[in-house]
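Colleague: Attaching a single structure in structure tokens format; questions to follow.
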Amino acid sequence: MKKVYQYALWIGGAAIILLFILWLSNVVSLIAPVAVLAAVSIAIGLGSLEKLKTYQYTAWIICAIVCGMVYPTAFLKWGAVDLRNPWLILIIVQLVMFGMGTQMSLKDFRGLRTMGKGVLIGLICQFTIMPITGFLLAKLFDFEPEIAAGIILIGSCSSGLASNVMVYLANANLTLSITLTAVATLIAPLMTPFLMKILAGTYVEINFLEMCFQIIKIVLIPIGAALIFDGLRNSDGIFIKIINAFSVVSILWLLIMYFGFWGYLNTIFSEHILNLIGLVNFVFGAVLFGNLYYLLFYIYPRIQRIMPLISMCGIIYFTTVTTAASRDNLLAIGLFLLLASILHNSLGYTLGYWLSRILGMDKISSKTIALEVGMQNGGMASGLAGVMGKLATLGLASAVFSPWMNISGSLLANYWRKNK
């Protein structure tokens, strides 16, 4: 396999040279396919370089951006399937979050008992520094309303599992990182809509309750299913019996809803009540899915290694579709968005570190909080923009910010690893 990676890297290097020659010769018709070849080959080829392996995921994100930019129409519709359909995006983002959730555990919350101060400081930093910085940058660059709101959105999201990887690489406080990510994810359905309401309400209309419901659907429901799987995998027989009983109830409930009862409820209840009932449907679905995944894991344990890859593919999907849908905006303001992402991310690391130090945290914990603050959950931001039907505008910032966060996080983590 290493030989394949090496050949791919050589092909990628040759494709970049050819791309430069084609550009100088003004052979426009061949630039797009050669650009895609270069991006794909390099993304594969980085697997042959030990020091650059951690950048392979970022290389695939960049590859997705290249594909979306040079072949935009190919990533908007496949036949009759609209790749921006909110229901399709909801399903994929739930799969992404479930895949991330399978790398979490109920044990992740135990750190609250011994690291309460660090978690509290981390949460305060995360849900103040990043959204306020996003708001100020949106004002500074004077972006269009929905694009400006997208910058505030990614700043208002919780941290993702990528920050845990960077904390591990930095030899920082991994237990604090995991606990902080878990708690921030749990409170995101309240904090993200609240911050969007007060900071982005002048840019786009924000329905607080509706956004709460959407975040619960795209984040808490799939992660809850993953934690049910974790409980089944590590529990005694009592928990398994309880979940099996709930699974039977879930099947009966969902069948009743499918065979007409949901239509009847639509005629007698208001929209808010229907949203609550809809969440109940998702909860029952999460119980069932967590149990089914446990059965699949029992039959095929290697599925656990595959789930992070599935999550990565889902995020690449969001990036490609967002780039394709917003190609014109990217051509017009892409460099300014990149500059905004660098400033946003850098200020997150800097202010997160120094505010933690001022509040009495040690250097290792402050580095941990800095990485948690600076690295937001781009998948959550993209998914939320997608289910709101605003992937091309509200989701544009996350498509640009996410690759940079991974690059800067890797650089900072490796620097801190070598300079303790």
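As shown in the structure tokens, the chain order sets the letters A, B, ...; within each chain, residues go from 1, and ligands are also counted from 1 in the order they appear.
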Write out as number ranges by chain which residues come within 6 Å of Gly134 (chain A) when counting only C-alpha atoms, dropping same-chain ones fewer than 5 positions away.

Modeller: A: 151-152, 155

Colleague: Any chance you could tabulate, as JSON lines, the residues of region 51-156 of chain A at most 8 Å from region 314-322 of chain A with each one's nearest atom pair and distance in Å to one decimal, using only C-alpha atoms, in chain and rising number order?

Modeller:
{"residue": "A:Trp60", "atom": "CA", "partner": "A:Ile316", "partner_atom": "CA", "distance": 7.2}
{"residue": "A:Ile61", "atom": "CA", "partner": "A:Ile316", "partner_atom": "CA", "distance": 5.8}
{"residue": "A:Ala64", "atom": "CA", "partner": "A:Thr320", "partner_atom": "CA", "distance": 4.8}
{"residue": "A:Ile65", "atom": "CA", "partner": "A:Thr320", "partner_atom": "CA", "distance": 5.6}
{"residue": "A:Cys67", "atom": "CA", "partner": "A:Thr320", "partner_atom": "CA", "distance": 6.8}
{"residue": "A:Gly68", "atom": "CA", "partner": "A:Thr320", "partner_atom": "CA", "distance": 5.0}
{"residue": "A:Phe75", "atom": "CA", "partner": "A:Val321", "partner_atom": "CA", "distance": 5.6}
{"residue": "A:Leu76", "atom": "CA", "partner": "A:Val321", "partner_atom": "CA", "distance": 6.3}
{"residue": "A:Leu83", "atom": "CA", "partner": "A:Val321", "partner_atom": "CA", "distance": 7.0}
{"residue": "A:Arg84", "atom": "CA", "partner": "A:Val321", "partner_atom": "CA", "distance": 7.1}
{"residue": "A:Ile92", "atom": "CA", "partner": "A:Gly314", "partner_atom": "CA", "distance": 6.2}
{"residue": "A:Val93", "atom": "CA", "partner": "A:Gly314", "partner_atom": "CA", "distance": 6.9}
{"residue": "A:Leu95", "atom": "CA", "partner": "A:Gly314", "partner_atom": "CA", "distance": 7.6}
{"residue": "A:Val96", "atom": "CA", "partner": "A:Gly314", "partner_atom": "CA", "distance": 5.7}

Colleague: Hey, what's within 10 Å of Val40 (chain A) if we count only C-alpha atoms and toss same-chain stuff fewer than 6 positions away? As an MDAnalysis selection string, please?

Modeller: chainID A and resid 8:9 11:12 34 59:60 62:64 66:67

Colleague: Keeping C-alpha atoms, export the residues of the selection given above as a compact mmCIF listing (two decimals), in the first residue's frame.

Modeller:
# COMPACT_ATOMS: atom_id res chain seq x y z
CA ALA A 8 0.18 8.85 -6.07
CA LEU A 9 2.45 11.51 -4.60
CA ILE A 11 1.62 11.70 -9.94
CA GLY A 12 0.34 14.63 -7.85
CA VAL A 34 -5.54 18.15 -14.17
CA ALA A 59 -5.88 17.44 1.95
CA TRP A 60 -9.15 15.62 1.17
CA ILE A 62 -9.01 20.85 -0.09
CA CYS A 63 -9.63 18.23 -2.78
CA ALA A 64 -13.38 18.61 -2.20
CA VAL A 66 -11.14 21.97 -5.86
CA CYS A 67 -13.78 19.56 -7.25

Colleague: Give the answer as one residue: which of A:Ala332, A:Ala170, A:Ile218, A:Leu186 has the shortest atom-to-atom distance to Ile91 (chain A), using only C-alpha atoms?

Modeller: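 Closest candidate: A:Ile218.
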
Colleague: From the set A:Leu52, A:Ile310, A:Leu169, A:Leu252, which residue has the shortest atom-to-atom contact distance to Leu371 (chain A), counting only C-alpha atoms?

Modeller: A:Leu169
